Structures are given as C-alpha cells and as structure tokens.
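Raw work_28.pdb, PDB, C-alpha atoms:
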```pdb
ATOM      1  CA  MET A   5      32.060  52.235 -75.732  1.00  0.00           C
ATOM      2  CA  PRO A   6      31.047  53.661 -72.325  1.00  0.00           C
ATOM      3  CA  LEU A   7      28.712  51.670 -70.094  1.00  0.00           C
ATOM      4  CA  ARG A   8      25.115  52.869 -70.038  1.00  0.00           C
ATOM      5  CA  SER A   9      23.860  54.024 -66.674  1.00  0.00           C
ATOM      6  CA  SER A  10      20.224  53.692 -65.589  1.00  0.00           C
ATOM      7  CA  LYS A  11      18.018  56.655 -65.226  1.00  0.00           C
ATOM      8  CA  PRO A  12      16.825  57.506 -61.765  1.00  0.00           C
ATOM      9  CA  SER A  13      13.262  56.506 -62.771  1.00  0.00           C
ATOM     10  CA  GLU A  14      14.474  53.038 -63.800  1.00  0.00           C
ATOM     11  CA  ARG A  15      16.148  52.246 -60.442  1.00  0.00           C
ATOM     12  CA  LEU A  16      14.223  50.828 -57.452  1.00  0.00           C
ATOM     13  CA  SER A  17      15.186  51.787 -53.977  1.00  0.00           C
ATOM     14  CA  ALA A  18      16.672  48.947 -51.907  1.00  0.00           C
ATOM     15  CA  PRO A  19      13.894  48.971 -49.287  1.00  0.00           C
ATOM     16  CA  LEU A  20      11.187  48.724 -51.914  1.00  0.00           C
ATOM     17  CA  ALA A  21      12.936  45.817 -53.653  1.00  0.00           C
ATOM     18  CA  ARG A  22      13.182  43.841 -50.400  1.00  0.00           C
ATOM     19  CA  ALA A  23       9.481  44.413 -49.698  1.00  0.00           C
ATOM     20  CA  LEU A  24       8.471  43.061 -53.108  1.00  0.00           C
ATOM     21  CA  VAL A  25      10.605  39.924 -52.669  1.00  0.00           C
ATOM     22  CA  ALA A  26       9.055  39.210 -49.264  1.00  0.00           C
ATOM     23  CA  ALA A  27       5.519  39.653 -50.640  1.00  0.00           C
ATOM     24  CA  GLY A  28       6.232  37.177 -53.408  1.00  0.00           C
ATOM     25  CA  ALA A  29       7.484  34.616 -50.908  1.00  0.00           C
ATOM     26  CA  LEU A  30       4.302  34.884 -48.872  1.00  0.00           C
ATOM     27  CA  VAL A  31       2.141  34.460 -51.968  1.00  0.00           C
ATOM     28  CA  GLY A  32       4.116  31.338 -52.901  1.00  0.00           C
ATOM     29  CA  VAL A  33       3.575  29.766 -49.511  1.00  0.00           C
ATOM     30  CA  GLY A  34      -0.131  30.505 -49.533  1.00  0.00           C
ATOM     31  CA  CYS A  35      -0.616  28.930 -52.967  1.00  0.00           C
ATOM     32  CA  SER A  36       1.542  25.844 -52.557  1.00  0.00           C
ATOM     33  CA  GLY A  37       0.287  24.397 -49.214  1.00  0.00           C
ATOM     34  CA  ALA A  38      -2.496  24.423 -46.621  1.00  0.00           C
ATOM     35  CA  PRO A  39      -3.961  27.801 -45.643  1.00  0.00           C
ATOM     36  CA  LEU A  40      -2.066  29.588 -42.910  1.00  0.00           C
ATOM     37  CA  ARG A  41      -3.846  29.767 -39.587  1.00  0.00           C
ATOM     38  CA  THR A  42      -2.943  30.773 -36.086  1.00  0.00           C
ATOM     39  CA  ARG A  43      -3.539  28.713 -32.919  1.00  0.00           C
ATOM     40  CA  GLY A  44      -6.708  30.621 -32.114  1.00  0.00           C
ATOM     41  CA  THR A  45      -8.256  30.318 -35.611  1.00  0.00           C
ATOM     42  CA  PRO A  46     -11.134  27.802 -35.936  1.00  0.00           C
ATOM     43  CA  PRO A  47     -10.240  25.016 -38.403  1.00  0.00           C
ATOM     44  CA  GLY A  48     -11.688  25.396 -41.876  1.00  0.00           C
ATOM     45  CA  ASP A  49     -11.391  23.409 -45.087  1.00  0.00           C
ATOM     46  CA  GLY A  50      -7.931  21.924 -45.301  1.00  0.00           C
ATOM     47  CA  ALA A  51      -6.852  23.332 -41.929  1.00  0.00           C
ATOM     48  CA  VAL A  52      -5.207  21.058 -39.380  1.00  0.00           C
ATOM     49  CA  PRO A  53      -6.674  21.439 -35.855  1.00  0.00           C
ATOM     50  CA  VAL A  54      -4.326  22.206 -33.003  1.00  0.00           C
ATOM     51  CA  VAL A  55      -3.934  19.161 -30.685  1.00  0.00           C
ATOM     52  CA  PRO A  56      -2.647  19.612 -27.106  1.00  0.00           C
ATOM     53  CA  THR A  57       0.794  18.083 -26.733  1.00  0.00           C
ATOM     54  CA  ASP A  58       0.593  17.595 -22.926  1.00  0.00           C
ATOM     55  CA  PRO A  59      -2.631  15.745 -22.067  1.00  0.00           C
ATOM     56  CA  THR A  60      -3.436  15.415 -18.376  1.00  0.00           C
ATOM     57  CA  THR A  61      -2.417  11.973 -17.066  1.00  0.00           C
ATOM     58  CA  ALA A  62      -4.236  10.338 -14.128  1.00  0.00           C
ATOM     59  CA  LEU A  63      -1.950   9.426 -11.228  1.00  0.00           C
ATOM     60  CA  PRO A  64      -1.699   5.711 -10.323  1.00  0.00           C
ATOM     61  CA  ARG A  65      -3.689   4.526  -7.319  1.00  0.00           C
ATOM     62  CA  PRO A  66      -1.585   4.828  -4.120  1.00  0.00           C
ATOM     63  CA  SER A  67       0.089   1.583  -3.073  1.00  0.00           C
ATOM     64  CA  ASP A  68       2.539   0.382  -0.440  1.00  0.00           C
ATOM     65  CA  VAL A  69       4.820  -1.327  -2.971  1.00  0.00           C
ATOM     66  CA  ALA A  70       5.961  -0.763  -6.572  1.00  0.00           C
ATOM     67  CA  ARG A  71       6.501  -3.545  -9.106  1.00  0.00           C
ATOM     68  CA  SER A  72       9.356  -3.643 -11.604  1.00  0.00           C
ATOM     69  CA  SER A  73       6.797  -3.625 -14.447  1.00  0.00           C
ATOM     70  CA  ASP A  74       5.191  -0.342 -13.301  1.00  0.00           C
ATOM     71  CA  THR A  75       5.965   2.699 -15.474  1.00  0.00           C
ATOM     72  CA  ALA A  76       4.823   4.972 -12.636  1.00  0.00           C
ATOM     73  CA  ALA A  77       3.802   4.425  -9.034  1.00  0.00           C
ATOM     74  CA  THR A  78       2.325   6.467  -6.203  1.00  0.00           C
ATOM     75  CA  LEU A  79       3.659   5.137  -2.906  1.00  0.00           C
ATOM     76  CA  ARG A  80       2.020   5.713   0.468  1.00  0.00           C
ATOM     77  CA  PRO A  81       4.220   6.273   3.513  1.00  0.00           C
ATOM     78  CA  PRO A  82       4.499   2.990   5.437  1.00  0.00           C
ATOM     79  CA  VAL A  83       2.655   2.429   8.714  1.00  0.00           C
ATOM     80  CA  SER A  84       5.244   2.402  11.488  1.00  0.00           C
ATOM     81  CA  ASP A  85       6.133  -0.679  13.528  1.00  0.00           C
ATOM     82  CA  GLU A  86       4.898   1.161  16.633  1.00  0.00           C
ATOM     83  CA  VAL A  87       1.349   0.943  15.257  1.00  0.00           C
ATOM     84  CA  ALA A  88       1.693  -2.848  14.961  1.00  0.00           C
ATOM     85  CA  LEU A  89       3.153  -3.093  18.479  1.00  0.00           C
ATOM     86  CA  ALA A  90       0.240  -1.074  19.878  1.00  0.00           C
ATOM     87  CA  LEU A  91      -2.196  -3.521  18.262  1.00  0.00           C
ATOM     88  CA  VAL A  92      -0.330  -6.468  19.819  1.00  0.00           C
ATOM     89  CA  ALA A  93      -0.622  -4.773  23.228  1.00  0.00           C
ATOM     90  CA  ARG A  94      -4.387  -4.344  22.769  1.00  0.00           C
ATOM     91  CA  LEU A  95      -4.692  -8.025  21.882  1.00  0.00           C
ATOM     92  CA  PHE A  96      -3.024  -9.150  25.113  1.00  0.00           C
ATOM     93  CA  ARG A  97      -4.971  -6.654  27.194  1.00  0.00           C
ATOM     94  CA  ALA A  98      -8.108  -8.290  25.764  1.00  0.00           C
ATOM     95  CA  PHE A  99      -6.738 -11.704  26.819  1.00  0.00           C
ATOM     96  CA  HIS A 100      -6.089 -10.440  30.340  1.00  0.00           C
ATOM     97  CA  ALA A 101      -9.547  -8.822  30.562  1.00  0.00           C
ATOM     98  CA  ARG A 102     -11.105 -11.979  29.067  1.00  0.00           C
ATOM     99  CA  SER A 103     -13.047  -9.735  26.676  1.00  0.00           C
ATOM    100  CA  ALA A 104     -12.829 -10.462  22.952  1.00  0.00           C
ATOM    101  CA  GLN A 105     -15.449  -7.814  22.181  1.00  0.00           C
ATOM    102  CA  GLN A 106     -13.036  -4.973  22.887  1.00  0.00           C
ATOM    103  CA  LEU A 107     -10.934  -6.224  19.948  1.00  0.00           C
ATOM    104  CA  GLU A 108     -13.741  -5.772  17.429  1.00  0.00           C
ATOM    105  CA  PRO A 109     -12.450  -2.424  15.991  1.00  0.00           C
ATOM    106  CA  ASP A 110      -9.070  -4.066  15.336  1.00  0.00           C
ATOM    107  CA  VAL A 111     -10.387  -7.126  13.493  1.00  0.00           C
ATOM    108  CA  ASP A 112     -10.929  -7.298   9.733  1.00  0.00           C
ATOM    109  CA  ASP A 113     -14.209  -8.429   8.160  1.00  0.00           C
ATOM    110  CA  TYR A 114     -12.797 -11.934   7.594  1.00  0.00           C
ATOM    111  CA  VAL A 115     -10.011 -13.637   9.570  1.00  0.00           C
ATOM    112  CA  VAL A 116      -7.887 -16.394   8.019  1.00  0.00           C
ATOM    113  CA  ASP A 117      -5.788 -19.079   9.735  1.00  0.00           C
ATOM    114  CA  VAL A 118      -2.100 -18.255   9.185  1.00  0.00           C
ATOM    115  CA  THR A 119      -0.539 -21.387  10.686  1.00  0.00           C
ATOM    116  CA  PRO A 120       1.130 -23.669   8.097  1.00  0.00           C
ATOM    117  CA  GLU A 121      -1.464 -26.324   8.893  1.00  0.00           C
ATOM    118  CA  GLY A 122      -4.383 -23.921   8.606  1.00  0.00           C
ATOM    119  CA  GLY A 123      -4.674 -23.759   4.831  1.00  0.00           C
ATOM    120  CA  ALA A 124      -6.702 -20.918   3.312  1.00  0.00           C
ATOM    121  CA  GLY A 125      -9.770 -21.275   5.520  1.00  0.00           C
ATOM    122  CA  GLY A 126     -11.119 -18.584   7.799  1.00  0.00           C
ATOM    123  CA  ARG A 127     -14.186 -17.120   9.498  1.00  0.00           C
ATOM    124  CA  PRO A 128     -16.190 -13.895   9.432  1.00  0.00           C
ATOM    125  CA  ARG A 129     -15.255 -11.400  12.137  1.00  0.00           C
ATOM    126  CA  ALA A 130     -18.319 -12.067  14.324  1.00  0.00           C
ATOM    127  CA  SER A 131     -17.685 -15.821  14.283  1.00  0.00           C
ATOM    128  CA  TRP A 132     -13.969 -15.398  15.066  1.00  0.00           C
ATOM    129  CA  ILE A 133     -14.685 -13.066  18.007  1.00  0.00           C
ATOM    130  CA  TRP A 134     -17.364 -15.423  19.352  1.00  0.00           C
ATOM    131  CA  GLU A 135     -14.957 -18.368  19.244  1.00  0.00           C
ATOM    132  CA  LEU A 136     -12.224 -16.374  20.978  1.00  0.00           C
ATOM    133  CA  GLN A 137     -14.656 -15.219  23.659  1.00  0.00           C
ATOM    134  CA  SER A 138     -15.663 -18.821  24.326  1.00  0.00           C
ATOM    135  CA  ARG A 139     -11.994 -19.684  24.814  1.00  0.00           C
ATOM    136  CA  LEU A 140     -11.443 -16.756  27.202  1.00  0.00           C
ATOM    137  CA  HIS A 141     -14.360 -17.879  29.370  1.00  0.00           C
ATOM    138  CA  THR A 142     -12.776 -21.284  29.969  1.00  0.00           C
ATOM    139  CA  GLY A 143      -9.169 -20.196  30.645  1.00  0.00           C
ATOM    140  CA  ALA A 144      -7.556 -18.412  33.610  1.00  0.00           C
ATOM    141  CA  PHE A 145      -6.144 -15.627  31.443  1.00  0.00           C
ATOM    142  CA  ASP A 146      -6.690 -13.058  34.189  1.00  0.00           C
ATOM    143  CA  ALA A 147      -4.230 -14.975  36.376  1.00  0.00           C
ATOM    144  CA  LEU A 148      -1.408 -13.505  34.259  1.00  0.00           C
ATOM    145  CA  ASP A 149      -0.504  -9.861  33.870  1.00  0.00           C
ATOM    146  CA  VAL A 150       0.086  -8.688  30.313  1.00  0.00           C
ATOM    147  CA  ASP A 151       3.848  -8.432  30.843  1.00  0.00           C
ATOM    148  CA  GLN A 152       3.847 -12.110  31.912  1.00  0.00           C
ATOM    149  CA  MET A 153       2.160 -13.136  28.659  1.00  0.00           C
ATOM    150  CA  TYR A 154       4.703 -11.642  26.258  1.00  0.00           C
ATOM    151  CA  ARG A 155       7.640  -9.231  26.077  1.00  0.00           C
ATOM    152  CA  PRO A 156       7.363  -6.381  23.528  1.00  0.00           C
ATOM    153  CA  SER A 157      11.118  -6.602  22.861  1.00  0.00           C
ATOM    154  CA  ASP A 158      10.628 -10.185  21.568  1.00  0.00           C
ATOM    155  CA  VAL A 159       8.001  -9.244  18.957  1.00  0.00           C
ATOM    156  CA  GLU A 160       9.148  -9.741  15.340  1.00  0.00           C
ATOM    157  CA  ILE A 161       7.640  -7.782  12.425  1.00  0.00           C
ATOM    158  CA  TYR A 162       8.060  -8.958   8.829  1.00  0.00           C
ATOM    159  CA  ARG A 163       7.154  -7.580   5.421  1.00  0.00           C
ATOM    160  CA  VAL A 164       6.528 -10.081   2.645  1.00  0.00           C
ATOM    161  CA  GLU A 165      10.052  -9.790   1.199  1.00  0.00           C
ATOM    162  CA  ASP A 166      11.549 -10.677   4.606  1.00  0.00           C
ATOM    163  CA  LEU A 167       9.907 -14.112   4.874  1.00  0.00           C
ATOM    164  CA  GLY A 168      11.049 -17.574   3.813  1.00  0.00           C
ATOM    165  CA  LEU A 169      14.665 -17.156   4.949  1.00  0.00           C
ATOM    166  CA  PRO A 170      16.270 -19.459   7.563  1.00  0.00           C
ATOM    167  CA  GLY A 171      15.018 -18.717  11.065  1.00  0.00           C
ATOM    168  CA  ARG A 172      12.034 -16.733   9.822  1.00  0.00           C
ATOM    169  CA  PRO A 173       8.362 -17.689   9.556  1.00  0.00           C
ATOM    170  CA  THR A 174       6.948 -19.250   6.429  1.00  0.00           C
ATOM    171  CA  ARG A 175       4.983 -16.830   4.299  1.00  0.00           C
ATOM    172  CA  PRO A 176       1.251 -17.516   4.720  1.00  0.00           C
ATOM    173  CA  ALA A 177      -0.406 -18.578   1.475  1.00  0.00           C
ATOM    174  CA  THR A 178      -3.009 -15.820   1.831  1.00  0.00           C
ATOM    175  CA  MET A 179      -0.532 -13.005   2.574  1.00  0.00           C
ATOM    176  CA  GLY A 180      -0.717 -10.044   0.189  1.00  0.00           C
ATOM    177  CA  ALA A 181       2.259  -8.030  -1.048  1.00  0.00           C
ATOM    178  CA  ASP A 182       1.399  -5.017   1.119  1.00  0.00           C
ATOM    179  CA  GLU A 183       0.552  -6.918   4.331  1.00  0.00           C
ATOM    180  CA  THR A 184       2.604  -7.449   7.495  1.00  0.00           C
ATOM    181  CA  LEU A 185       3.241 -10.606   9.524  1.00  0.00           C
ATOM    182  CA  VAL A 186       3.893 -10.337  13.272  1.00  0.00           C
ATOM    183  CA  ARG A 187       5.341 -13.169  15.376  1.00  0.00           C
ATOM    184  CA  VAL A 188       4.841 -12.931  19.144  1.00  0.00           C
ATOM    185  CA  PRO A 189       6.743 -15.461  21.277  1.00  0.00           C
ATOM    186  CA  ILE A 190       4.749 -16.320  24.416  1.00  0.00           C
ATOM    187  CA  ALA A 191       6.563 -15.858  27.734  1.00  0.00           C
ATOM    188  CA  THR A 192       4.150 -17.910  29.888  1.00  0.00           C
ATOM    189  CA  PRO A 193       2.067 -20.334  27.835  1.00  0.00           C
ATOM    190  CA  ARG A 194       0.469 -22.072  30.844  1.00  0.00           C
ATOM    191  CA  VAL A 195      -0.616 -21.596  34.445  1.00  0.00           C
ATOM    192  CA  GLY A 196      -0.227 -24.897  36.274  1.00  0.00           C
ATOM    193  CA  ALA A 197      -1.919 -27.521  34.138  1.00  0.00           C
ATOM    194  CA  ASP A 198      -3.993 -24.915  32.285  1.00  0.00           C
ATOM    195  CA  VAL A 199      -2.551 -24.289  28.800  1.00  0.00           C
ATOM    196  CA  LEU A 200      -3.466 -20.721  27.823  1.00  0.00           C
ATOM    197  CA  PHE A 201      -1.364 -20.152  24.699  1.00  0.00           C
ATOM    198  CA  GLY A 202       0.772 -21.891  22.168  1.00  0.00           C
ATOM    199  CA  GLU A 203       4.503 -21.185  21.974  1.00  0.00           C
ATOM    200  CA  GLU A 204       3.877 -18.217  19.687  1.00  0.00           C
ATOM    201  CA  ILE A 205       1.089 -16.213  18.106  1.00  0.00           C
ATOM    202  CA  LEU A 206       1.138 -15.180  14.440  1.00  0.00           C
ATOM    203  CA  LEU A 207      -0.825 -12.134  13.302  1.00  0.00           C
ATOM    204  CA  LEU A 208      -1.397 -11.163   9.687  1.00  0.00           C
ATOM    205  CA  LEU A 209      -2.090  -7.433   9.544  1.00  0.00           C
ATOM    206  CA  ARG A 210      -3.806  -5.549   6.739  1.00  0.00           C
ATOM    207  CA  ARG A 211      -3.289  -1.832   6.367  1.00  0.00           C
ATOM    208  CA  ASP A 212      -6.408   0.268   6.881  1.00  0.00           C
ATOM    209  CA  GLY A 213      -5.456   3.894   6.314  1.00  0.00           C
ATOM    210  CA  ALA A 214      -2.955   4.838   9.018  1.00  0.00           C
ATOM    211  CA  ARG A 215      -3.651   1.747  11.135  1.00  0.00           C
ATOM    212  CA  PHE A 216      -3.641  -2.058  10.959  1.00  0.00           C
ATOM    213  CA  LYS A 217      -6.405  -4.629  11.265  1.00  0.00           C
ATOM    214  CA  ILE A 218      -6.051  -8.309  12.134  1.00  0.00           C
ATOM    215  CA  ARG A 219      -6.682 -10.243   8.915  1.00  0.00           C
ATOM    216  CA  GLY A 220      -5.087 -13.477  10.035  1.00  0.00           C
ATOM    217  CA  TYR A 221      -4.429 -15.279  13.323  1.00  0.00           C
ATOM    218  CA  GLY A 222      -2.691 -18.469  14.349  1.00  0.00           C
ATOM    219  CA  GLU A 223      -0.906 -20.132  17.269  1.00  0.00           C
ATOM    220  CA  ARG A 224       1.987 -22.588  17.168  1.00  0.00           C
ATOM    221  CA  TYR A 225       1.890 -25.377  19.757  1.00  0.00           C
ATOM    222  CA  PRO A 226       4.787 -27.748  20.510  1.00  0.00           C
ATOM    223  CA  ARG A 227       4.643 -30.992  18.562  1.00  0.00           C
TER     224      ARG A 227
END
```
Turn this file's structure into structure tokens for me.
Amino acid sequence: MPLRSSKPSERLSAPLARALVAAGALVGVGCSGAPLRTRGTPPGDGAVPVVPTDPTTALPRPSDVARSSDTAATLRPPVSDEVALALVARLFRAFHARSAQQLEPDVDDYVVDVTPEGGAGGRPRASWIWELQSRLHTGAFDALDVDQMYRPSDVEIYRVEDLGLPGRPTRPATMGADETLVRVPIATPRVGADVLFGEEILLLLRRDGARFKIRGYGERYPR
C-alpha cells in the first residue's frame, strides 16, 4: 500500500515551526521561575535586586612599613638619610651658637631619654629646650667649630630592624616601628677641663611629612 503524503495545507513551513518552539520555551521559563527582569528594571514582587559586584574599597592609611599580617598596605616613600644628616648639622650649629631656641622647629612636642639608663621618661618640648639652653650658657661650646664637634662621615643611621646586632646601639624601649635612630660619635668632647659632650649623642627621629623631628635625645659618657 503506498505511503500517504500530507496535503500542502497540513504541512508547516520550517521557519514557522521554529518560531512556535521558541515561543513555547519562553512561556515555560516565565511560568516556572522568577519573573524575568533586566538590570535597569526596578525590583518588583519576587524579583531579585541587582547588587554591585565591585564595591569601592578604602585604601589603607599610608605607612612607612608593612606587616606580614596586612592584606594590603600603602607605603610612603622613605625620608632620605640626607634629611637626617641636615638635622644633625642644625643641632651642632645650635651648640656652637649656644642657642637652643633655634632648634625649636626641629623638636617634637615631647622628648624622651633614649639612653639605656634613661627609661621611658621625658619632658615637654619647652622644658627640654629650656634645660638645653641652661647647659649652653654654662659651657664654652663656642670655643669649638662645628667640624671640631663631630664628623658627618662618622654619623650612623639605623632603622628599627637594624638594631640589636653586635656593634650596634640597643633599640630604645620607646622607639616606634617607623622611627629612625641616629648615633653621632663626638670628635672633641671637652675643651681643657670643661666637658662639653659625652662620647656620643643618640637622636630618636620621628617622621613629620617629608622631614624629621627630634623625639628622643641622649648622650653616652664614659663609665
């Protein structure tokens, strides 16, 4: 028996059949889940709001050092050693001029004693400058030129991780992780019987923007 062929009216064109299948798929999705919405559509009943996937993150506060526990860090460029050496030169020019007041812009609000025997005590800036000025009045500091007091090539500059090794200064108890210790050997500690300096001066420097301020001071005398 011959196979029956469909009449032209019974056959659907291929494009029309594909369109009907696609429409049915869309209807199925709309009925089986949450309503479709685009990113710009306000959320309605059952709609899930669009949440930003890249929230703005605040940058960490700038610091001189990064810790191993930090997930992110913003590091400032270090202050150069030349800035510390310039501060040392201003200190000895103040000794030679016998004028502690000219050091005031370079001194922190509170100055601690950084000798091993000094402990954690200290004085406000005005008190420290007054005491230094009293010392300068009684000593013949102007009898020495600055280059007789110390030699810039002998100055040693240490960060906190450099201290505590043989031949290096002890880390002051009050020294912070981002501070700098300067050791200045004295070339001429006395004039005749007049003792002007100890064997060395220790300066603890705190960063203040692009400069340093004296946060700690101490002198080492022979035992």
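Checking A:Thr192, A:Ser138, A:Ser84, A:Ser131 one by one against Phe216 (chain A), counting only C-alpha atoms, you find the shortest gap at A:Ser84.
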From (-10.6, -13.5, 27.7), in the file's coordinates, out to 9 Å: which residues are reached, counting all atoms listed in the file? Answer as a ChimeraX atom specification. /A:97-104,136-146
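Proximity ranking of A:Ala191, A:Ala214, A:Leu206, A:Val111 relative to Asp151 (chain A) places A:Ala191 first, based on only C-alpha atoms.
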Contacts of Met153 (chain A) at 8 Å (only C-alpha atoms; same-chain gap of 4+ positions) as a ChimeraX atom specification: /A:96,148-149,190-193
Using the chain letters and numbers from the file, which residues does the PyMOL selection byres ((chain A and resi 132) around 12) grab, as a PyMOL selection string? chain A and resi 104-105+107-108+111-117+125-131+133-139+218-222
Between CA of Pro170 (chain A) and CA of Gly202 (chain A), what is the distance in Å, rounded to a tenth? 21.4 Å
Closest to Arg155 (chain A) among A:Val83, A:Val188, A:Ala90, A:Leu169, using all atoms listed in the file? A:Val188
Would you pick out the contacts of Ala177 (chain A) at 12 Å or less, using all atoms listed in the file, so that residues sharing its chain but fewer than 2 positions from it are not included, and give the list as a CSV table (one decimal) with C-alpha atoms, keeping the file's coordinate frame?
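result_36.csv was written with the following content:
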```csv
chain,number,residue,atom,x,y,z
A,116,VAL,CA,-7.9,-16.4,8.0
A,117,ASP,CA,-5.8,-19.1,9.7
A,118,VAL,CA,-2.1,-18.3,9.2
A,119,THR,CA,-0.5,-21.4,10.7
A,120,PRO,CA,1.1,-23.7,8.1
A,121,GLU,CA,-1.5,-26.3,8.9
A,122,GLY,CA,-4.4,-23.9,8.6
A,123,GLY,CA,-4.7,-23.8,4.8
A,124,ALA,CA,-6.7,-20.9,3.3
A,125,GLY,CA,-9.8,-21.3,5.5
A,164,VAL,CA,6.5,-10.1,2.6
A,167,LEU,CA,9.9,-14.1,4.9
A,168,GLY,CA,11.0,-17.6,3.8
A,173,PRO,CA,8.4,-17.7,9.6
A,174,THR,CA,6.9,-19.2,6.4
A,175,ARG,CA,5.0,-16.8,4.3
A,179,MET,CA,-0.5,-13.0,2.6
A,180,GLY,CA,-0.7,-10.0,0.2
A,181,ALA,CA,2.3,-8.0,-1.0
A,185,LEU,CA,3.2,-10.6,9.5
A,208,LEU,CA,-1.4,-11.2,9.7
A,220,GLY,CA,-5.1,-13.5,10.0
```
Please, what distance in Å, to one decimal, runs between CA of Arg224 (chain A) and CA of Phe201 (chain A)?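 These atoms are spaced 8.6 Å apart.
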One decimal place gives the CA of Gln106 (chain A)-CA of Gly196 (chain A) separation as 27.2 Å
Counting all atoms listed in the file, closest pick from A:Arg194, A:Arg163, A:Arg187, A:Arg172 relative to Pro82 (chain A) is A:Arg163
